[in-house]
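Here's model-v2.cif, which has mmCIF, C-alpha atoms:
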data_query
loop_
_atom_site.label_atom_id
_atom_site.label_comp_id
_atom_site.auth_asym_id
_atom_site.auth_seq_id
_atom_site.Cartn_x
_atom_site.Cartn_y
_atom_site.Cartn_z
CA MET D 1 134.66 106.90 131.50
CA LEU D 2 135.50 105.89 135.08
CA ASP D 3 133.80 107.63 137.98
CA HIS D 4 135.94 110.24 139.77
CA ALA D 5 135.33 108.46 143.08
CA HIS D 6 137.32 105.48 141.84
CA THR D 7 140.45 107.39 140.79
CA PRO D 8 143.05 109.28 142.86
CA SER D 9 142.14 112.91 143.41
CA HIS D 10 145.15 114.10 141.44
CA SER D 11 144.37 111.95 138.39
CA PRO D 12 142.12 113.02 135.51
CA PRO D 13 139.21 110.76 134.52
CA VAL D 14 140.44 107.76 132.54
CA VAL D 15 138.91 107.18 129.11
CA LEU D 16 139.05 103.56 128.00
CA MET D 17 139.46 103.99 124.25
CA ASP D 18 138.86 100.32 123.52
CA VAL D 19 135.47 100.65 125.24
CA ALA D 20 134.78 103.83 123.27
CA ARG D 21 135.64 102.07 120.01
CA GLU D 22 133.26 99.27 120.90
CA HIS D 23 130.54 101.86 121.56
CA PHE D 24 131.28 103.40 118.17
CA ASP D 25 131.24 100.18 116.16
CA GLU D 26 128.15 98.85 117.91
CA GLY D 27 126.52 102.27 117.62
CA VAL D 28 126.94 102.26 113.84
CA SER D 29 125.46 98.77 113.68
CA MET D 30 122.47 99.78 115.84
CA LEU D 31 121.95 102.96 113.82
CA SER D 32 121.73 100.89 110.64
CA ARG D 33 119.34 98.45 112.30
CA TRP D 34 117.19 101.27 113.70
CA ASN D 35 116.95 103.05 110.32
CA ARG D 36 115.96 99.80 108.64
CA ALA D 37 113.49 98.86 111.37
CA LEU D 38 111.57 102.04 110.55
CA GLU D 39 110.72 100.49 107.16
CA ARG D 40 110.10 96.90 108.22
CA PHE D 41 106.89 94.92 108.67
CA ASP D 42 108.08 92.81 111.60
CA TYR D 43 108.72 95.85 113.82
CA SER D 44 106.23 98.22 115.40
CA TYR D 45 106.65 101.60 117.08
CA GLU D 46 106.81 99.88 120.45
CA SER D 47 109.33 97.20 119.47
CA ILE D 48 111.54 99.82 117.78
CA ALA D 49 111.50 101.95 120.93
CA ARG D 50 112.40 99.00 123.15
CA GLY D 51 114.87 97.45 120.74
CA PRO D 52 117.24 99.07 118.22
CA GLU D 53 116.48 102.67 119.23
CA HIS D 54 117.09 102.00 122.92
CA ARG D 55 120.37 100.25 122.19
CA PHE D 56 121.51 102.93 119.73
CA VAL D 57 120.86 105.69 122.25
CA ALA D 58 122.86 103.79 124.88
CA HIS D 59 125.91 103.73 122.58
CA VAL D 60 125.52 107.42 121.72
CA GLU D 61 125.38 108.31 125.42
CA GLY D 62 128.48 106.21 126.07
CA LEU D 63 130.41 108.16 123.43
CA VAL D 64 129.17 111.54 124.63
CA ARG D 65 130.25 110.72 128.17
CA GLY D 66 133.74 110.05 126.86
CA GLY D 67 134.07 113.81 126.39
CA ARG D 68 136.80 115.64 124.53
CA PRO D 69 139.31 112.74 124.41
CA VAL D 70 136.83 110.51 122.57
CA LEU D 71 135.70 113.38 120.36
CA GLU D 72 139.24 114.17 119.22
CA ALA D 73 140.62 110.64 118.97
CA LEU D 74 137.61 108.75 117.59
CA VAL D 75 134.60 110.85 116.64
CA MET D 76 135.93 113.70 114.49
CA PRO D 77 138.34 111.43 112.55
CA ALA D 78 135.28 109.42 111.44
CA LEU D 79 134.15 112.54 109.54
CA HIS D 80 137.16 112.20 107.26
CA PRO D 81 136.23 111.20 103.68
CA TYR D 82 138.69 108.34 103.67
CA ALA D 83 138.15 107.01 107.17
CA PRO D 84 138.37 103.21 106.70
CA ASN D 85 135.55 101.02 107.93
CA ASP D 86 134.21 97.57 107.15
CA LEU D 87 130.83 98.11 108.77
CA VAL D 88 127.43 97.17 107.34
CA ASP D 89 126.55 100.79 106.59
CA PRO D 90 129.59 102.56 105.08
CA ASN D 91 128.08 105.98 105.75
CA GLY D 92 126.78 105.18 109.24
CA PRO D 93 130.01 106.36 110.93
CA CYS D 94 129.37 109.85 109.53
CA THR D 95 125.87 110.00 111.02
CA LEU D 96 127.00 108.69 114.40
CA ALA D 97 130.11 110.88 114.57
CA ALA D 98 128.16 114.01 113.62
CA LEU D 99 125.42 113.25 116.15
CA VAL D 100 127.90 112.71 118.98
CA ALA D 101 129.74 115.90 118.06
CA LEU D 102 126.47 117.89 118.07
CA LEU D 103 125.47 116.45 121.45
CA GLU D 104 128.83 117.46 122.97
CA ALA D 105 127.07 120.83 123.40
CA THR D 106 130.09 123.03 122.67
CA PRO D 107 129.08 126.32 121.00
CA ASP D 108 131.13 125.69 117.87
CA ALA D 109 130.19 122.00 117.41
CA PRO D 110 127.59 122.55 114.63
CA ASP D 111 129.96 124.76 112.64
CA GLN D 112 132.77 122.23 113.04
CA VAL D 113 130.53 119.49 111.68
CA VAL D 114 129.50 121.67 108.72
CA GLU D 115 133.16 122.44 108.02
CA ALA D 116 134.01 118.72 108.08
CA MET D 117 131.12 118.04 105.65
CA GLN D 118 132.77 120.03 102.87
CA ALA D 119 135.37 117.31 102.19
CA LEU D 120 132.89 114.42 102.27
CA THR D 121 131.24 112.60 99.40
CA SER D 122 127.63 113.40 98.56
CA GLU D 123 126.41 110.20 100.30
CA GLN D 124 128.46 110.97 103.38
CA ARG D 125 127.09 114.53 103.50
CA ARG D 126 123.58 113.09 103.32
CA ALA D 127 124.47 110.85 106.28
CA VAL D 128 125.67 113.88 108.27
CA LEU D 129 122.41 115.69 107.50
CA ARG D 130 120.58 112.74 109.05
CA ALA D 131 122.43 113.57 112.29
CA PHE D 132 121.15 117.15 112.15
CA THR D 133 117.63 115.73 111.76
CA LEU D 134 118.14 113.67 114.94
CA TRP D 135 119.81 116.49 116.90
CA ASP D 136 117.46 116.73 119.89
CA ASP D 137 118.67 119.82 121.73
CA PRO D 138 117.18 123.26 122.55
CA ARG D 139 119.89 124.89 120.42
CA ALA D 140 119.02 122.87 117.34
CA SER D 141 116.02 124.71 115.88
CA PRO D 142 117.45 128.28 116.13
CA TRP D 143 120.76 127.15 114.65
CA LEU D 144 119.09 125.21 111.84
CA GLU D 145 116.71 128.07 111.02
CA ALA D 146 119.71 130.36 110.57
CA MET D 147 121.47 127.70 108.48
CA VAL D 148 118.49 127.31 106.16
CA ARG D 149 118.42 131.08 105.62
CA ARG D 150 122.09 131.29 104.66
CA ALA D 151 122.42 128.01 102.72
CA ASP D 152 123.80 128.43 99.21
CA PRO D 153 121.94 126.93 96.22
CA SER D 154 124.17 123.82 96.14
CA SER D 155 123.34 122.87 99.74
CA LEU D 156 119.81 124.27 100.10
CA ALA D 157 118.08 120.99 99.20
CA GLY D 158 119.89 119.15 101.98
CA TRP D 159 119.15 121.72 104.66
CA LEU D 160 115.52 122.05 103.57
CA GLY D 161 115.31 118.25 103.83
CA VAL D 162 116.44 118.51 107.46
CA ALA D 163 113.81 121.19 108.06
CA ALA D 164 111.10 119.03 106.46
CA ASP D 165 112.07 115.97 108.49
CA ARG D 166 112.07 118.03 111.71
CA TRP D 167 108.70 119.69 110.90
CA MET D 168 110.43 123.11 111.17
CA ASN D 169 109.00 126.39 109.98
CA VAL D 170 110.79 127.64 106.87
CA PRO D 171 110.73 131.35 105.92
CA GLU D 172 108.52 132.09 102.93
CA SER D 173 111.43 133.79 101.18
CA VAL D 174 113.51 130.59 101.36
CA LEU D 175 110.62 128.45 100.16
CA ASP D 176 109.96 130.83 97.27
CA ARG D 177 113.65 130.69 96.35
CA ALA D 178 113.54 126.89 96.30
CA LEU D 179 110.42 126.82 94.13
CA GLN D 180 112.14 128.97 91.53
CA GLN D 181 114.83 126.34 90.96
CA ASP D 182 114.81 123.39 88.56
CA GLU D 183 116.82 120.87 90.60
CA PRO D 184 114.42 117.92 91.25
CA GLU D 185 115.55 117.14 94.82
CA LEU D 186 115.19 120.78 95.84
CA VAL D 187 111.75 121.16 94.25
CA ALA D 188 110.52 117.88 95.75
CA THR D 189 111.69 118.96 99.20
CA ALA D 190 109.94 122.31 98.79
CA MET D 191 106.74 120.39 97.96
CA ARG D 192 107.14 118.36 101.17
CA ILE D 193 107.42 121.57 103.18
CA LEU D 194 104.36 123.06 101.45
CA ALA D 195 102.42 120.05 102.75
CA ARG D 196 103.54 120.83 106.31
CA THR D 197 103.25 124.60 106.50
CA LYS D 198 100.45 127.14 106.61
CA HIS D 199 102.29 129.66 104.41
CA PRO D 200 100.02 131.27 101.78
CA PHE D 201 100.79 129.77 98.39
CA ASP D 202 99.81 129.96 94.75
CA PRO D 203 98.05 126.68 93.85
CA SER D 204 99.85 126.73 90.52
CA ALA D 205 103.12 126.22 92.40
CA ILE D 206 101.92 122.70 93.18
CA GLU D 207 99.76 122.00 90.16
CA ALA D 208 102.55 122.85 87.71
CA ARG D 209 104.64 120.09 89.28
CA LEU D 210 101.99 117.37 89.08
CA SER D 211 103.25 116.49 85.59
CA HIS D 212 106.94 117.00 86.34
CA PRO D 213 109.23 114.50 84.54
CA HIS D 214 110.91 113.46 87.81
CA HIS D 215 108.86 110.95 89.84
CA ALA D 216 109.99 112.34 93.24
CA VAL D 217 108.66 115.80 92.32
CA ARG D 218 105.36 114.38 91.01
CA SER D 219 104.86 112.31 94.16
CA ALA D 220 105.65 115.17 96.53
CA ALA D 221 103.43 117.54 94.55
CA LEU D 222 100.53 115.07 94.60
CA ALA D 223 100.76 114.68 98.38
CA ALA D 224 101.09 118.44 98.87
CA GLY D 225 98.17 119.10 96.53
CA LEU D 226 95.86 116.81 98.49
CA VAL D 227 96.95 118.21 101.85
CA ARG D 228 96.50 121.81 100.65
CA GLY D 229 93.20 121.11 98.86
CA SER D 230 94.17 121.40 95.20
CA ARG D 231 91.16 120.82 92.95
CA VAL D 232 93.13 118.90 90.34
CA ALA D 233 95.23 116.65 92.61
CA TRP D 234 92.59 114.04 93.47
CA PRO D 235 91.35 113.34 89.91
CA LEU D 236 94.99 112.95 88.91
CA ALA D 237 95.64 110.51 91.77
CA VAL D 238 92.69 108.36 90.65
CA GLU D 239 93.88 108.52 87.05
CA GLN D 240 97.41 107.43 87.99
CA ALA D 241 96.47 104.85 90.65
CA LEU D 242 97.84 101.96 88.55
CA ASP D 243 100.84 103.88 87.20
CA PRO D 244 104.05 102.24 88.48
CA THR D 245 106.00 105.47 87.98
CA THR D 246 103.86 107.30 90.57
CA PRO D 247 103.27 104.68 93.27
CA ILE D 248 102.01 107.21 95.81
CA ALA D 249 98.87 107.69 93.69
CA GLY D 250 97.77 104.08 94.28
CA GLU D 251 98.51 104.36 98.00
CA LEU D 252 96.40 107.52 98.30
CA VAL D 253 93.46 105.99 96.42
CA ALA D 254 93.72 102.86 98.59
CA MET D 255 93.40 104.93 101.78
CA LEU D 256 91.14 107.76 100.60
CA GLY D 257 89.20 106.49 97.62
CA ALA D 258 85.54 105.63 97.31
CA PRO D 259 84.72 101.89 97.01
CA SER D 260 84.25 102.30 93.25
CA GLU D 261 87.75 103.84 92.97
CA GLN D 262 89.31 101.19 95.18
CA ALA D 263 87.66 98.42 93.16
CA GLU D 264 90.13 99.00 90.35
CA LEU D 265 93.04 98.52 92.77
CA ILE D 266 91.46 95.33 94.13
CA GLY D 267 91.02 93.95 90.62
CA TRP D 268 94.63 94.87 89.81
CA ALA D 269 95.92 92.96 92.84
CA ALA D 270 93.80 89.92 91.91
CA GLN D 271 95.49 89.49 88.53
CA PRO D 272 98.00 86.59 88.36
CA ASP D 273 100.77 88.89 87.15
CA ALA D 274 100.05 91.70 89.61
CA PRO D 275 103.19 93.59 90.68
CA GLU D 276 104.27 93.89 94.29
CA HIS D 277 102.96 97.43 94.53
CA ALA D 278 99.43 96.19 93.80
CA LEU D 279 99.60 94.01 96.94
CA TRP D 280 100.99 96.95 98.91
CA CYS D 281 98.03 99.12 97.88
CA LEU D 282 95.65 96.25 98.63
CA SER D 283 96.86 96.14 102.23
CA LEU D 284 96.08 99.83 102.79
CA ILE D 285 92.44 99.52 101.71
CA GLY D 286 91.46 97.62 104.85
CA ARG D 287 88.13 96.33 103.55
CA ILE D 288 86.83 92.77 103.53
CA GLU D 289 86.83 92.46 99.73
CA ALA D 290 90.49 93.54 99.63
CA ALA D 291 91.43 91.08 102.36
CA ASP D 292 89.64 88.31 100.46
CA VAL D 293 91.97 88.93 97.51
CA ALA D 294 94.97 88.89 99.85
CA ALA D 295 93.83 85.51 101.20
CA ALA D 296 93.62 84.19 97.65
CA ARG D 297 97.18 85.38 96.88
CA LEU D 298 98.76 83.60 99.88
CA CYS D 299 99.75 80.65 97.68
CA ASP D 300 101.24 82.75 94.88
CA PRO D 301 104.34 80.99 93.48
CA ARG D 302 106.29 84.23 93.83
CA PRO D 303 107.44 84.27 97.48
CA ARG D 304 107.46 88.07 97.76
CA ILE D 305 103.83 88.29 96.58
CA ALA D 306 102.81 85.60 99.07
CA LYS D 307 104.61 87.44 101.86
CA LEU D 308 102.96 90.76 100.98
CA ALA D 309 99.55 89.07 100.88
CA PHE D 310 100.23 87.64 104.35
CA THR D 311 101.24 91.09 105.60
CA ALA D 312 98.09 92.63 104.13
CA LEU D 313 96.00 90.18 106.16
CA ARG D 314 98.09 90.88 109.27
CA LEU D 315 97.28 94.58 108.92
CA VAL D 316 93.56 93.78 108.82
CA CYS D 317 93.46 91.00 111.43
CA GLY D 318 95.95 92.37 113.93
CA PRO D 319 98.54 90.78 116.23
CA ALA D 320 96.84 87.37 116.24
CA LEU D 321 98.51 86.54 112.92
CA ASP D 322 101.95 87.19 114.43
CA GLU D 323 101.75 83.85 116.25
CA PRO D 324 104.28 81.22 115.07
CA ARG D 325 101.52 78.77 114.10
CA PHE D 326 100.69 80.95 111.06
CA VAL D 327 104.22 80.84 109.65
CA ASP D 328 105.35 78.20 107.17
CA ARG D 329 108.09 76.20 108.91
CA LEU D 330 108.89 73.95 105.93
CA PRO D 331 112.48 73.89 104.65
CA LEU D 332 113.37 76.27 101.84
CA PRO D 333 112.76 74.85 98.34
CA GLU D 334 115.74 73.09 96.80
CA GLY D 335 118.11 75.50 95.08
CA THR D 336 117.12 78.49 97.22
CA SER D 337 118.86 79.99 100.22
CA PRO D 338 118.00 82.61 102.81
CA PRO D 339 119.10 86.18 102.03
CA GLU D 340 122.70 86.97 102.93
CA ASP D 341 121.60 90.04 104.84
CA PRO D 342 118.09 89.51 106.29
CA TRP D 343 117.93 93.25 107.00
CA ALA D 344 118.60 94.27 103.42
CA ASP D 345 115.00 94.21 102.18
CA PRO D 346 111.84 94.52 104.31
CA VAL D 347 109.87 92.06 102.15
CA ASP D 348 112.62 89.43 101.94
CA ALA D 349 112.78 89.47 105.73
CA LEU D 350 109.12 88.46 106.04
CA PRO D 351 108.11 84.85 106.73
CA LEU D 352 106.10 82.79 104.28
CA PRO D 353 102.58 82.03 105.51
CA ASP D 354 101.14 78.66 106.42
CA VAL D 355 98.42 79.12 103.83
CA ASP D 356 95.80 76.77 105.29
CA ALA D 357 96.21 78.08 108.85
CA VAL D 358 96.03 81.72 107.78
CA ARG D 359 92.98 81.16 105.59
CA ARG D 360 91.14 79.34 108.38
CA HIS D 361 91.87 82.24 110.74
CA TRP D 362 90.73 84.76 108.13
CA GLN D 363 87.42 83.03 107.62
CA ARG D 364 86.73 83.07 111.36
CA HIS D 365 87.87 86.68 111.74
CA ARG D 366 86.01 87.83 108.63
CA ALA D 367 82.66 87.05 110.20
CA ARG D 368 83.36 89.49 113.04
CA LEU D 369 84.12 92.50 110.83
CA GLU D 370 81.65 95.15 109.74
CA PRO D 371 81.25 94.79 105.95
CA GLU D 372 81.10 98.50 105.13
CA ARG D 373 83.85 99.62 107.50
CA ARG D 374 87.56 99.99 107.04
CA CYS D 375 89.39 97.56 109.33
CA LEU D 376 92.90 97.74 110.72
CA LEU D 377 94.51 95.55 113.38
CA GLY D 378 91.41 93.56 114.18
CA GLY D 379 88.70 96.22 114.31
CA SER D 380 87.09 99.20 112.62
CA TYR D 381 89.51 102.09 112.08
CA THR D 382 88.25 105.03 114.15
CA THR D 383 89.71 108.14 115.76
CA GLU D 384 89.78 106.36 119.10
CA ARG D 385 92.07 103.68 117.63
CA ILE D 386 94.62 106.00 115.94
CA ALA D 387 97.10 105.72 118.81
CA TYR D 388 96.72 101.94 118.97
CA VAL D 389 97.22 101.56 115.22
CA GLN D 390 100.23 103.89 115.17
CA HIS D 391 101.84 102.04 118.08
CA GLU D 392 101.12 98.47 116.98
CA CYS D 393 100.92 98.33 113.19
CA PRO D 394 103.95 97.16 111.18
CA ALA D 395 106.42 100.06 110.97
CA GLY D 396 106.53 99.94 107.18
CA TYR D 397 102.87 100.99 107.03
CA ARG D 398 103.11 103.90 109.46
CA HIS D 399 104.46 106.36 106.88
CA ALA D 400 101.48 105.88 104.55
CA LEU D 401 98.96 105.97 107.41
CA ALA D 402 100.54 109.19 108.72
CA LEU D 403 100.19 110.73 105.25
CA GLU D 404 96.51 109.79 105.30
CA LEU D 405 96.04 111.68 108.58
CA ALA D 406 97.78 114.73 107.10
CA VAL D 407 95.51 114.71 104.06
CA ARG D 408 92.31 114.13 106.02
CA SER D 409 93.18 116.97 108.41
CA ARG D 410 94.38 119.34 105.65
CA GLY D 411 97.84 119.34 107.21
CA ALA D 412 96.78 120.01 110.80
CA CYS D 413 97.64 116.48 112.00
CA GLN D 414 101.25 115.57 111.21
CA ILE D 415 103.11 112.56 112.63
CA PRO D 416 106.86 112.34 111.89
CA THR D 417 107.55 108.63 111.47
CA ARG D 418 111.32 108.57 110.82
CA THR D 419 112.64 110.15 113.99
CA TRP D 420 112.97 109.33 117.70
CA THR D 421 109.93 107.59 119.13
CA TRP D 422 109.73 110.06 122.05
CA ILE D 423 109.28 112.89 119.52
CA GLN D 424 106.60 110.91 117.68
CA ARG D 425 104.69 110.21 120.90
CA ASP D 426 103.33 113.74 121.33
CA ALA D 427 102.20 113.91 117.71
CA ILE D 428 100.38 110.58 118.04
CA GLN D 429 98.57 111.81 121.15
CA THR D 430 97.58 115.03 119.37
CA ALA D 431 96.03 113.01 116.55
CA GLY D 432 93.40 111.83 119.02
CA SER D 433 92.03 115.38 119.32
CA PHE D 434 90.67 115.18 115.77
CA ARG D 435 87.49 113.54 114.60
CA PHE D 436 88.08 111.46 111.49
CA ASP D 437 85.71 109.30 109.48
CA PHE D 438 88.03 106.77 107.88
CA ASP D 439 85.20 105.34 105.79
CA ARG D 440 84.61 108.68 104.09
CA PRO D 441 86.14 109.14 100.62
CA TYR D 442 88.32 112.12 99.75
CA GLN D 443 86.50 115.41 99.96
CA SER D 444 86.66 118.67 101.93
CA PRO D 445 86.49 119.26 104.82
CA PHE D 446 87.70 115.92 106.18
CA SER D 447 87.92 116.52 109.92
CA THR D 448 87.18 118.88 112.76
CA LEU D 449 89.04 119.64 115.96
CA ASP D 450 87.38 119.04 119.30
#
Let me see the structure of the file written as structure tokens.
Amino acid sequence: MLDHAHTPSHSPPVVLMDVAREHFDEGVSMLSRWNRALERFDYSYESIARGPEHRFVAHVEGLVRGGRPVLEALVMPALHPYAPNDLVDPNGPCTLAALVALLEATPDAPDQVVEAMQALTSEQRRAVLRAFTLWDDPRASPWLEAMVRRADPSSLAGWLGVAADRWMNVPESVLDRALQQDEPELVATAMRILARTKHPFDPSAIEARLSHPHHAVRSAALAAGLVRGSRVAWPLAVEQALDPTTPIAGELVAMLGAPSEQAELIGWAAQPDAPEHALWCLSLIGRIEAADVAAARLCDPRPRIAKLAFTALRLVCGPALDEPRFVDRLPLPEGTSPPEDPWADPVDALPLPDVDAVRRHWQRHRARLEPERRCLLGGSYTTERIAYVQHECPAGYRHALALELAVRSRGACQIPTRTWTWIQRDAIQTAGSFRFDFDRPYQSPFSTLD
């Protein structure tokens, strides 16, 4: 929108719709890139903040400044179920349009967005709910709290998901209503909220779901059980650590298990036919014996396994392994081609390691590590290094490491890892007020406040 000083006094501000459309198309592209960067191993908190998030916000601000003309001509029409687009993310326009509409700050904007949602497909409605999660405005929490209270059974799971992602307080009556339902998404979301609230609860509400037939419910119940101190959750996590249908169990044992419990995961990852998830768990252990197995798997004939082994060593050794000299620069093998969309899969996007160079570096670095300590990003993992690890570790690991903090603090330390970085910043700083022993296996209590 042009500045008033550059137009005649009798003329209204001029909105350049072609510029607004460019903001919209580029904004959808940056939204997709930002969402994917949150799961990638070649992005960190800092590079996300400086890169795709910064650019996405710039496009959002450009659309908001366009005011009512842009809202009516471009933004609200994108919330139509049949709005044509040939963009990378077919549902991205719904998220961007809803977010811009919410940030217009008119009193009826949230209700207008909800009304527009009714005609959308289920995937498009989910995309709009993502906008409510990102709605950073003083009006947001009161409006959303009221919405959660009045949501009907068919939409309650979606609105509770927004509340869980925003770390909002949910009334006990609403949570109880959700826990009485059978719909897996709703029950799993209620489990997520139980892990983030101090509401009194019946342990059986969690423990009854630990054997639920739906994997999302089992996973959420296992995390909630460990955060809330369930007596049966940890033995079940150890029992299911190698179960591919409950991958969170292996992750939790990797981060919280005793060396004897982690040994089974290390042996699993060392097997020639080990699945990708075994290498993922291996990377979270952070001990020398686990990194030794990762070094051995660098030459695995399966490229994705080799890439995950490289990433596991990067998590232990730190930024030094990000240097180009550790990446295999040889041409792709005959008959193979790079992925059509390098953003489509976080593992496919990773480089293959220069095996000899990485192993030489590991042998030198290995001698500097403390054998009995857990190591992340080049040094022992301590409370003093939480902020550094959260800021610099590959983004794809931050979600698991944040869950570890929640479990070790019994829910007192919560870091939202899929929202704006400026919202995450305060939570990361608060984490430094705890005293954690990251070499201590799962038990209670795990931490104390200063």
_Resolved residues for the PyMOL selection byres ((chain D and resi 320) around 12) as a list in words_ = Leu313, Arg314, Leu315, Val316, Cys317, Gly318, Pro319, Leu321, Asp322, Glu323, Pro324, Arg325, Phe326, Val327, Ala357, Val358, His361, Trp362, His365, Leu377, Gly378 and Glu392 of chain D
Let me see the file: selected residues, C-alpha atoms, as a PDB file, in the coordinates of the input.
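Ended up saving to again-v6.pdb:
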ATOM      1  CA  LEU D 313      96.000  90.180 106.160  1.00  0.00           C
ATOM      2  CA  ARG D 314      98.090  90.880 109.270  1.00  0.00           C
ATOM      3  CA  LEU D 315      97.280  94.580 108.920  1.00  0.00           C
ATOM      4  CA  VAL D 316      93.560  93.780 108.820  1.00  0.00           C
ATOM      5  CA  CYS D 317      93.460  91.000 111.430  1.00  0.00           C
ATOM      6  CA  GLY D 318      95.950  92.370 113.930  1.00  0.00           C
ATOM      7  CA  PRO D 319      98.540  90.780 116.230  1.00  0.00           C
ATOM      8  CA  LEU D 321      98.510  86.540 112.920  1.00  0.00           C
ATOM      9  CA  ASP D 322     101.950  87.190 114.430  1.00  0.00           C
ATOM     10  CA  GLU D 323     101.750  83.850 116.250  1.00  0.00           C
ATOM     11  CA  PRO D 324     104.280  81.220 115.070  1.00  0.00           C
ATOM     12  CA  ARG D 325     101.520  78.770 114.100  1.00  0.00           C
ATOM     13  CA  PHE D 326     100.690  80.950 111.060  1.00  0.00           C
ATOM     14  CA  VAL D 327     104.220  80.840 109.650  1.00  0.00           C
ATOM     15  CA  ALA D 357      96.210  78.080 108.850  1.00  0.00           C
ATOM     16  CA  VAL D 358      96.030  81.720 107.780  1.00  0.00           C
ATOM     17  CA  HIS D 361      91.870  82.240 110.740  1.00  0.00           C
ATOM     18  CA  TRP D 362      90.730  84.760 108.130  1.00  0.00           C
ATOM     19  CA  HIS D 365      87.870  86.680 111.740  1.00  0.00           C
ATOM     20  CA  LEU D 377      94.510  95.550 113.380  1.00  0.00           C
ATOM     21  CA  GLY D 378      91.410  93.560 114.180  1.00  0.00           C
ATOM     22  CA  GLU D 392     101.120  98.470 116.980  1.00  0.00           C
TER      23      GLU D 392
END
_Selection near D:His80, 12 Å with only C-alpha atoms, sequence-local residues under 3 positions removed, as an NGL selection string_ = :D and (74-77 or 83-85 or 91 or 93-94 or 97-98 or 113 or 115-121 or 124-125 or 128)
Draw an axis-aligned box over all listed atoms of stretch 303-310 of chain D, pad each side with 5 Å, and write its centre and edge lengths in Å, one decimal, as JSON.
{"center_x": 103.5, "center_y": 87.5, "center_z": 100.5, "size_x": 17.9, "size_y": 16.5, "size_z": 17.8}
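Evaluated on this file, the PyMOL selection byres ((chain D and resi 407) around 8) matches Ala223, Leu226, Val227, Arg228, Leu403, Glu404, Leu405, Ala406, Arg408, Ser409, Arg410 and Gly411 of chain D.
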Could those residues be written to a file, using C-alpha atoms, as a short mmCIF file (atom, residue, chain, number, x, y, z; two decimals), keeping the file's coordinate frame?
data_model
loop_
_atom_site.label_atom_id
_atom_site.label_comp_id
_atom_site.auth_asym_id
_atom_site.auth_seq_id
_atom_site.Cartn_x
_atom_site.Cartn_y
_atom_site.Cartn_z
CA ALA D 223 100.76 114.68 98.38
CA LEU D 226 95.86 116.81 98.49
CA VAL D 227 96.95 118.21 101.85
CA ARG D 228 96.50 121.81 100.65
CA LEU D 403 100.19 110.73 105.25
CA GLU D 404 96.51 109.79 105.30
CA LEU D 405 96.04 111.68 108.58
CA ALA D 406 97.78 114.73 107.10
CA ARG D 408 92.31 114.13 106.02
CA SER D 409 93.18 116.97 108.41
CA ARG D 410 94.38 119.34 105.65
CA GLY D 411 97.84 119.34 107.21
#
*Quick one: residues within 12 Å of D:Pro184, only C-alpha atoms counted, chain neighbours fewer than 5 positions away excluded, as an MDAnalysis selection string?*
chainID D and resid 157 178:179 189:191 209 212:221
*asked:* Env of D:Glu264: 9 Å cut, atoms = all atoms listed in the file, seq-sep filter 4 positions within chain, self excluded. Answer as an MDAnalysis selection string.
replied: chainID D and resid 241:242 260 268:269
*Which value, in Å to one decimal, gives the distance between atom CA of D:Arg374 and atom CA of D:Gly396?*
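Straight-line distance from atom CA of D:Arg374 to atom CA of D:Gly396 works out to 19.0 Å.
Going from atom CA of D:Glu276 to atom CA of D:Thr311 covers 12.0 Å.
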*asked:* as an NGL selection string, please: the residues near stretch 129-138 of chain D (cut-off 9 Å, only C-alpha atoms, same-chain neighbours under 6 positions excluded).
replied: :D and (94-100 or 102-103 or 105 or 110 or 144 or 158-159 or 161-163 or 165-166 or 419-420)
_Nearest to D:Pro301, chosen from D:Glu289, D:Asp202, D:Asp25, D:Asp273, with only C-alpha atoms counted in the distances_ =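 That would be D:Asp273, the residue with the smallest distance to D:Pro301.
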_the PyMOL selection byres ((chain D and resi 442) around 8) applied to the shown file, residues as number ranges by chain_ = D: 234, 256-258, 408, 440-441, 443-444, 446
*Between atom CA of D:Pro52 and atom CA of D:Ala127, what is the distance, to one decimal in Å?*
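We find that atom CA of D:Pro52 and atom CA of D:Ala127 lie 18.3 Å from each other.
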*10 Å contact set for D:Ala73, all atoms listed in the file, chain neighbours under 3 positions out, as an MDAnalysis selection string*: chainID D and resid 17 20:21 68:70 76:78
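The closest residue to D:Ile288, picked from D:Leu71, D:Leu369, D:Ala306, D:Ala427 and counting all atoms listed in the file, is D:Leu369.
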Determine, counting only C-alpha atoms, every residue of protein, DNA or RNA that lies within 10 Å of (99.5, 102.8, 118.4) in the file coordinates, then give the result as a PDB file with C-alpha atoms, keeping the file's coordinate frame.
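Produced file selection33.pdb, reproduced below:
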ATOM      1  CA  SER D  44     106.230  98.220 115.400  1.00  0.00           C
ATOM      2  CA  TYR D  45     106.650 101.600 117.080  1.00  0.00           C
ATOM      3  CA  GLU D  46     106.810  99.880 120.450  1.00  0.00           C
ATOM      4  CA  ARG D 385      92.070 103.680 117.630  1.00  0.00           C
ATOM      5  CA  ILE D 386      94.620 106.000 115.940  1.00  0.00           C
ATOM      6  CA  ALA D 387      97.100 105.720 118.810  1.00  0.00           C
ATOM      7  CA  TYR D 388      96.720 101.940 118.970  1.00  0.00           C
ATOM      8  CA  VAL D 389      97.220 101.560 115.220  1.00  0.00           C
ATOM      9  CA  GLN D 390     100.230 103.890 115.170  1.00  0.00           C
ATOM     10  CA  HIS D 391     101.840 102.040 118.080  1.00  0.00           C
ATOM     11  CA  GLU D 392     101.120  98.470 116.980  1.00  0.00           C
ATOM     12  CA  CYS D 393     100.920  98.330 113.190  1.00  0.00           C
ATOM     13  CA  ARG D 398     103.110 103.900 109.460  1.00  0.00           C
ATOM     14  CA  ARG D 425     104.690 110.210 120.900  1.00  0.00           C
ATOM     15  CA  ILE D 428     100.380 110.580 118.040  1.00  0.00           C
ATOM     16  CA  GLN D 429      98.570 111.810 121.150  1.00  0.00           C
TER      17      GLN D 429
END
